[in-house]
>>> print(open('target-v2.pdb').read())   # PDB, C-alpha atoms
ATOM      1  CA  MET A 352     -36.930 -23.495-102.862
ATOM      2  CA  ILE A 353     -33.937 -21.286-102.122
ATOM      3  CA  TYR A 354     -36.137 -18.977-100.077
ATOM      4  CA  ARG A 355     -37.242 -21.898 -97.848
ATOM      5  CA  LEU A 356     -33.631 -22.977 -97.274
ATOM      6  CA  LEU A 357     -32.640 -19.448 -96.239
ATOM      7  CA  LEU A 358     -35.626 -19.217 -93.918
ATOM      8  CA  SER A 359     -34.753 -22.560 -92.311
ATOM      9  CA  SER A 360     -31.115 -21.517 -91.846
ATOM     10  CA  MET A 361     -32.142 -18.258 -90.150
ATOM     11  CA  THR A 362     -34.482 -20.102 -87.845
ATOM     12  CA  ILE A 363     -31.764 -22.595 -86.796
ATOM     13  CA  PHE A 364     -29.247 -19.736 -86.210
ATOM     14  CA  THR A 365     -31.712 -17.834 -84.039
ATOM     15  CA  LEU A 366     -32.433 -20.918 -81.908
ATOM     16  CA  ALA A 367     -28.718 -21.598 -81.442
ATOM     17  CA  THR A 368     -28.082 -18.013 -80.322
ATOM     18  CA  CYS A 369     -30.884 -18.171 -77.747
ATOM     19  CA  GLN A 370     -29.569 -21.446 -76.351
ATOM     20  CA  ASN A 371     -26.053 -20.022 -75.986
ATOM     21  CA  GLN A 372     -27.429 -17.030 -74.060
ATOM     22  CA  ASN A 373     -29.427 -19.323 -71.780
ATOM     23  CA  VAL A 374     -26.317 -21.441 -71.114
ATOM     24  CA  LYS A 375     -24.256 -18.312 -70.195
ATOM     25  CA  LYS A 376     -26.975 -17.101 -67.807
ATOM     26  CA  ALA A 377     -27.128 -20.517 -66.174
ATOM     27  CA  GLU A 378     -23.312 -20.521 -65.700
ATOM     28  CA  LYS A 379     -23.398 -17.069 -64.069
ATOM     29  CA  THR A 380     -26.154 -18.163 -61.723
ATOM     30  CA  THR A 381     -24.212 -21.300 -60.744
ATOM     31  CA  LYS A 382     -21.046 -19.275 -60.044
ATOM     32  CA  SER A 383     -23.006 -16.826 -57.888
ATOM     33  CA  GLU A 384     -24.472 -19.683 -55.848
ATOM     34  CA  ASN A 385     -21.093 -21.385 -55.421
ATOM     35  CA  ASN A 386     -19.305 -18.157 -54.436
ATOM     36  CA  PRO A 387     -21.618 -16.211 -52.095
ATOM     37  CA  VAL A 388     -20.518 -12.674 -51.234
ATOM     38  CA  VAL A 389     -19.669 -12.306 -47.544
ATOM     39  CA  LYS A 390     -20.085  -8.831 -46.119
ATOM     40  CA  THR A 391     -17.863  -7.949 -43.200
ATOM     41  CA  THR A 392     -18.811  -5.320 -40.711
ATOM     42  CA  SER A 393     -15.945  -3.722 -38.805
ATOM     43  CA  THR A 394     -16.733  -3.012 -35.192
ATOM     44  CA  THR A 395     -14.625  -0.943 -32.849
ATOM     45  CA  PRO A 396     -14.232  -2.639 -29.452
ATOM     46  CA  LYS A 397     -15.580  -0.582 -26.597
ATOM     47  CA  LYS A 398     -13.134   0.455 -23.942
ATOM     48  CA  SER A 399     -13.951  -1.060 -20.610
ATOM     49  CA  GLU A 400     -14.722   1.362 -17.842
ATOM     50  CA  PRO A 401     -12.179   1.514 -14.990
ATOM     51  CA  LYS A 402     -13.145  -0.682 -12.095
ATOM     52  CA  MET A 403     -13.610   0.876  -8.695
ATOM     53  CA  SER A 404     -11.381  -0.355  -5.910
ATOM     54  CA  THR A 405     -13.112  -2.726  -3.546
ATOM     55  CA  GLY A 406     -10.634  -2.168  -0.718
ATOM     56  CA  MET A 407     -11.728  -0.932   2.695
ATOM     57  CA  PRO A 408     -11.278   2.783   3.470
ATOM     58  CA  PRO A 409      -8.128   3.520   5.496
ATOM     59  CA  ASP A 410      -8.420   3.775   9.272
ATOM     60  CA  ALA A 411      -8.573   7.397  10.481
ATOM     61  CA  GLU A 412      -5.829   6.805  13.034
ATOM     62  CA  ALA A 413      -3.580   5.185  10.412
ATOM     63  CA  VAL A 414      -4.089   8.182   8.124
ATOM     64  CA  LYS A 415      -3.149  10.529  10.955
ATOM     65  CA  VAL A 416       0.048   8.607  11.693
ATOM     66  CA  ALA A 417       0.946   8.517   7.988
ATOM     67  CA  LYS A 418       0.546  12.301   7.800
ATOM     68  CA  GLN A 419       2.788  12.741  10.833
ATOM     69  CA  GLU A 420       5.462  10.554   9.280
ATOM     70  CA  ALA A 421       5.182  12.427   5.980
ATOM     71  CA  ALA A 422       5.668  15.708   7.829
ATOM     72  CA  ASN A 423       8.737  14.251   9.594
ATOM     73  CA  PRO A 424      10.175  11.727   7.077
ATOM     74  CA  ASN A 425      13.032  10.256   9.174
ATOM     75  CA  GLN A 426      14.718  13.638   9.457
ATOM     76  CA  SER A 427      18.071  11.912  10.006
ATOM     77  CA  ASN A 428      17.112  11.531  13.674
ATOM     78  CA  LEU A 429      13.621   9.983  13.766
ATOM     79  CA  VAL A 430      13.054   6.233  13.586
ATOM     80  CA  TYR A 431       9.605   4.609  13.479
ATOM     81  CA  LEU A 432       8.987   1.072  14.739
ATOM     82  CA  LYS A 433       5.953  -1.177  14.946
ATOM     83  CA  GLU A 434       5.375  -3.243  18.046
ATOM     84  CA  GLY A 435       7.584  -6.338  17.843
ATOM     85  CA  GLU A 436       9.658  -4.932  14.953
ATOM     86  CA  ASN A 437      13.465  -5.119  14.818
ATOM     87  CA  ILE A 438      15.525  -2.913  12.516
ATOM     88  CA  TYR A 439      19.178  -2.104  12.006
ATOM     89  CA  VAL A 440      19.771   1.653  11.945
ATOM     90  CA  LYS A 441      22.854   2.025   9.775
ATOM     91  CA  GLU A 442      23.325   5.704  10.611
ATOM     92  CA  TYR A 443      23.683   4.933  14.336
ATOM     93  CA  LYS A 444      25.217   1.474  13.900
ATOM     94  CA  MET A 445      22.811  -0.303  16.201
ATOM     95  CA  ASN A 446      19.941  -2.768  16.218
ATOM     96  CA  VAL A 447      16.702  -1.441  17.684
ATOM     97  CA  THR A 448      13.802  -3.663  18.762
ATOM     98  CA  PHE A 449      10.430  -2.391  19.935
ATOM     99  CA  LYS A 450       9.650  -5.213  22.352
ATOM    100  CA  GLY A 451       6.224  -3.909  23.330
ATOM    101  CA  MET A 452       4.172  -1.480  25.366
ATOM    102  CA  VAL A 453       4.461  -1.830  29.116
ATOM    103  CA  GLU A 454       1.574   0.482  29.955
ATOM    104  CA  ASP A 455      -0.759   3.008  28.374
ATOM    105  CA  SER A 456      -2.795   5.009  30.837
ATOM    106  CA  ARG A 457      -3.157   8.041  28.553
ATOM    107  CA  CYS A 458      -6.480   9.803  28.581
ATOM    108  CA  PRO A 459      -8.718   8.426  25.786
ATOM    109  CA  LYS A 460      -9.012  10.962  22.981
ATOM    110  CA  ASP A 461     -12.830  10.998  23.216
ATOM    111  CA  VAL A 462     -12.899  11.551  26.987
ATOM    112  CA  GLN A 463     -12.138  14.637  29.107
ATOM    113  CA  CYS A 464      -9.589  13.872  31.815
ATOM    114  CA  ILE A 465      -7.864  15.880  34.542
ATOM    115  CA  TRP A 466      -4.612  13.930  34.016
ATOM    116  CA  ALA A 467      -2.912  13.248  30.675
ATOM    117  CA  GLY A 468      -1.729   9.797  31.717
ATOM    118  CA  ASN A 469       1.395   7.992  30.562
ATOM    119  CA  ALA A 470       2.533   5.452  27.976
ATOM    120  CA  THR A 471       5.711   3.414  28.386
ATOM    121  CA  ALA A 472       7.449   1.419  25.664
ATOM    122  CA  GLU A 473      10.114  -1.230  26.199
ATOM    123  CA  VAL A 474      12.900  -0.973  23.605
ATOM    124  CA  GLU A 475      16.068  -3.007  23.180
ATOM    125  CA  PHE A 476      19.262  -1.450  21.761
ATOM    126  CA  MET A 477      22.436  -3.236  20.689
ATOM    127  CA  GLY A 478      25.473  -1.602  19.096
ATOM    128  CA  VAL A 479      27.921  -3.393  16.796
ATOM    129  CA  ALA A 480      30.399  -3.621  19.684
ATOM    130  CA  THR A 481      28.069  -3.563  22.705
ATOM    131  CA  ARG A 482      25.863  -5.955  24.613
ATOM    132  CA  PRO A 483      22.083  -5.544  24.202
ATOM    133  CA  ARG A 484      20.373  -3.211  26.658
ATOM    134  CA  VAL A 485      16.654  -2.886  27.291
ATOM    135  CA  TYR A 486      15.246   0.508  28.258
ATOM    136  CA  GLN A 487      11.778   1.722  29.173
ATOM    137  CA  LEU A 488      10.904   5.014  27.498
ATOM    138  CA  SER A 489       7.818   6.977  28.565
ATOM    139  CA  THR A 490       5.780   9.910  27.320
ATOM    140  CA  THR A 491       6.048  11.664  30.725
ATOM    141  CA  ILE A 492       8.748  12.144  33.356
ATOM    142  CA  ASP A 493       8.133  10.831  36.872
ATOM    143  CA  ALA A 494      11.281   9.639  38.623
ATOM    144  CA  LYS A 495       9.290   8.151  41.512
ATOM    145  CA  LYS A 496       7.453   5.855  39.107
ATOM    146  CA  GLY A 497      10.509   5.240  36.958
ATOM    147  CA  HIS A 498       9.135   7.173  33.980
ATOM    148  CA  PHE A 499      11.744   8.834  31.743
ATOM    149  CA  THR A 500      11.309  10.188  28.233
ATOM    150  CA  LYS A 501      14.915   9.572  27.148
ATOM    151  CA  GLN A 502      17.925   7.343  27.769
ATOM    152  CA  ASN A 503      21.584   7.447  26.766
ATOM    153  CA  PHE A 504      23.118   4.567  24.826
ATOM    154  CA  ASN A 505      26.213   4.104  22.681
ATOM    155  CA  GLY A 506      26.939   7.833  22.464
ATOM    156  CA  TYR A 507      23.351   8.873  21.644
ATOM    157  CA  GLU A 508      20.519  10.385  23.596
ATOM    158  CA  ILE A 509      17.382   8.464  22.590
ATOM    159  CA  SER A 510      13.942   9.835  23.379
ATOM    160  CA  LEU A 511      10.371   8.668  22.843
ATOM    161  CA  VAL A 512       8.562  11.368  20.851
ATOM    162  CA  SER A 513       5.277   9.682  19.897
ATOM    163  CA  VAL A 514       3.098   6.657  20.580
ATOM    164  CA  SER A 515       0.179   5.702  18.347
ATOM    165  CA  PRO A 516      -2.649   4.926  18.113
ATOM    166  CA  GLU A 517      -4.333   6.870  20.883
ATOM    167  CA  THR A 518      -6.635   5.037  23.237
ATOM    168  CA  THR A 519     -10.390   5.586  23.103
ATOM    169  CA  SER A 520     -13.273   4.784  25.398
ATOM    170  CA  ALA A 521     -13.966   1.731  23.209
ATOM    171  CA  LYS A 522     -10.346   0.620  22.712
ATOM    172  CA  GLY A 523      -8.029   0.715  25.672
ATOM    173  CA  PHE A 524      -4.523  -0.617  26.324
ATOM    174  CA  LYS A 525      -5.504  -4.305  26.143
ATOM    175  CA  ALA A 526      -7.437  -3.867  22.885
ATOM    176  CA  LEU A 527      -4.538  -2.010  21.226
ATOM    177  CA  LYS A 528      -1.845  -4.375  22.452
ATOM    178  CA  GLY A 529       0.267  -5.537  19.519
ATOM    179  CA  SER A 530      -0.752  -2.692  17.179
ATOM    180  CA  TYR A 531       1.278   0.153  18.676
ATOM    181  CA  LYS A 532       3.809   2.222  16.779
ATOM    182  CA  ILE A 533       6.447   4.517  18.259
ATOM    183  CA  ALA A 534       8.836   7.205  17.028
ATOM    184  CA  LEU A 535      12.314   7.489  18.552
ATOM    185  CA  LYS A 536      14.555  10.510  18.246
ATOM    186  CA  PHE A 537      18.345  10.041  18.148
ATOM    187  CA  GLU A 538      20.688  12.888  19.069
ATOM    188  CA  LYS A 539      24.396  12.942  19.739
ATOM    189  CA  GLU A 540      24.967  12.662  23.466
ATOM    190  CA  ASN A 541      26.190  15.816  25.194
ATOM    191  CA  PRO A 542      29.339  14.813  27.129
ATOM    192  CA  ASN A 543      28.801  17.693  29.560
ATOM    193  CA  GLU A 544      25.283  16.625  30.521
ATOM    194  CA  PRO A 545      24.984  14.308  33.559
ATOM    195  CA  THR A 546      23.613  10.883  32.704
ATOM    196  CA  SER A 547      21.138  11.004  35.582
ATOM    197  CA  GLN A 548      19.157  13.725  33.767
ATOM    198  CA  SER A 549      18.580  11.506  30.770
ATOM    199  CA  GLY A 550      16.852   8.649  32.529
ATOM    200  CA  GLY A 551      17.038   5.733  34.883
ATOM    201  CA  PRO A 552      18.920   2.454  34.641
ATOM    202  CA  ALA A 553      18.287  -0.081  31.935
ATOM    203  CA  THR A 554      16.202  -3.154  32.633
ATOM    204  CA  LYS A 555      17.881  -6.545  32.440
TER     205      LYS A 555
END
>>> encode(input="target-v2.pdb", output="structure tokens")
Amino acid sequence: MIYRLLLSSMTIFTLATCQNQNVKKAEKTTKSENNPVVKTTSTTPKKSEPKMSTGMPPDAEAVKVAKQEAANPNQSNLVYLKEGENIYVKEYKMNVTFKGMVEDSRCPKDVQCIWAGNATAEVEFMGVATRPRVYQLSTTIDAKKGHFTKQNFNGYEISLVSVSPETTSAKGFKALKGSYKIALKFEKENPNEPTSQSGGPATK
């Protein structure tokens, strides 16, 4: 009788232990389902490649002019003006206006000529205490045609040293009108030099 009671007690204890283990396994499974593990993968962003410029290549004539200006960067006596541009030159205390090109009969750079031709620019000067004066400055000297490379104004001798761009067989004076650029050179006027050697009268 005692043996049967002990056997029954052992059987009940074993069943209870198995049930507890099953309950614990079920709880672990439930927790795993409710709290899924999320794996994160770190990625390093790729650097974007530099974009190529979509701008148009610079004009050959513009590059040439830029190189000339870089070689002579306003050496305290050179002033560059675009056609129609007005600037105040503090060093010489005067306003300078490139009013426009009057003529450009220079030989086109892609053509062989027997005469170099001439270019004439009309420039207005006005000092702080003077009335405005308009002069025509040319690349050649021909008194009969009224071509002079320099003029005297307000104590300075002003000369035309360059005109760009050059004409071509495809682009002449009319085609380049409005896109010209000139360089003027300013030098202290020599009081002993006759004015007539510097140029003709100013235009009104």
>>> residues_around(input="target-v2.pdb", residues="Glu436 (chain A)", least_positions_apart="6", cutoff="9 Å", atoms="only C-alpha atoms", output="PDB file with C-alpha atoms, in the coordinates of the input")
ATOM      1  CA  VAL A 447      16.702  -1.441  17.684  1.00  0.00           C
ATOM      2  CA  THR A 448      13.802  -3.663  18.762  1.00  0.00           C
ATOM      3  CA  PHE A 449      10.430  -2.391  19.935  1.00  0.00           C
ATOM      4  CA  LYS A 450       9.650  -5.213  22.352  1.00  0.00           C
TER       5      LYS A 450
END
>>> residues_around(input="target-v2.pdb", residues="Leu527 (chain A)", least_positions_apart="5", cutoff="8 Å", atoms="all atoms listed in the file", output="PyMOL selection string")
chain A and resi 516+518+522
>>> resolve_selection(input="target-v2.pdb", expression="the PyMOL selection byres ((chain A and resi 504) around 12)", output="VMD selection string")
chain A and resid 443 to 447 474 to 478 481 to 486 501 to 503 505 to 510 537 to 541 546 549 to 553
>>> residues_around(input="target-v2.pdb", residues="Glu454 (chain A)", least_positions_apart="4", cutoff="9 Å", atoms="only C-alpha atoms", output="NGL selection string")
:A and (469-472 or 524)
>>> atom_distance(input="target-v2.pdb", atom1="CA of Asn428 (chain A)", atom2="CA of Thr491 (chain A)")
20.3 Å
>>> resolve_selection(input="target-v2.pdb", expression="the PyMOL selection byres ((chain A and resi 499) around 6)", output="list in words")
Leu488, Ser489, Ile492, His498, Thr500, Lys501 and Gly550 of chain A
>>> write_last_selection(input="target-v2.pdb", atoms="C-alpha atoms", output="PDB file, in the frame of the given file")
ATOM      1  CA  LEU A 488      10.904   5.014  27.498  1.00  0.00           C
ATOM      2  CA  SER A 489       7.818   6.977  28.565  1.00  0.00           C
ATOM      3  CA  ILE A 492       8.748  12.144  33.356  1.00  0.00           C
ATOM      4  CA  HIS A 498       9.135   7.173  33.980  1.00  0.00           C
ATOM      5  CA  THR A 500      11.309  10.188  28.233  1.00  0.00           C
ATOM      6  CA  LYS A 501      14.915   9.572  27.148  1.00  0.00           C
ATOM      7  CA  GLY A 550      16.852   8.649  32.529  1.00  0.00           C
TER       8      GLY A 550
END
>>> atom_distance(input="target-v2.pdb", atom1="CA of Val479 (chain A)", atom2="CA of Val430 (chain A)")
18.0 Å
>>> closest_residue(input="target-v2.pdb", among="A:Ser520, A:Ala526, A:Lys532, A:Asp493", to="Val462 (chain A)", atoms="only C-alpha atoms")
A:Ser520
>>> atom_distance(input="target-v2.pdb", atom1="CA of Gly523 (chain A)", atom2="CA of Ser456 (chain A)")
8.5 Å
>>> resolve_selection(input="target-v2.pdb", expression="the PyMOL selection byres ((chain A and resi 534) around 8)", output="list of chain:residue names")
A:Leu429, A:Val430, A:Tyr431, A:Leu432, A:Leu511, A:Val512, A:Ser513, A:Val514, A:Lys532, A:Ile533, A:Leu535, A:Lys536
>>> closest_residue(input="target-v2.pdb", among="A:Thr519, A:Lys525, A:Ala494, A:Glu473", to="Gly451 (chain A)", atoms="only C-alpha atoms")
A:Glu473
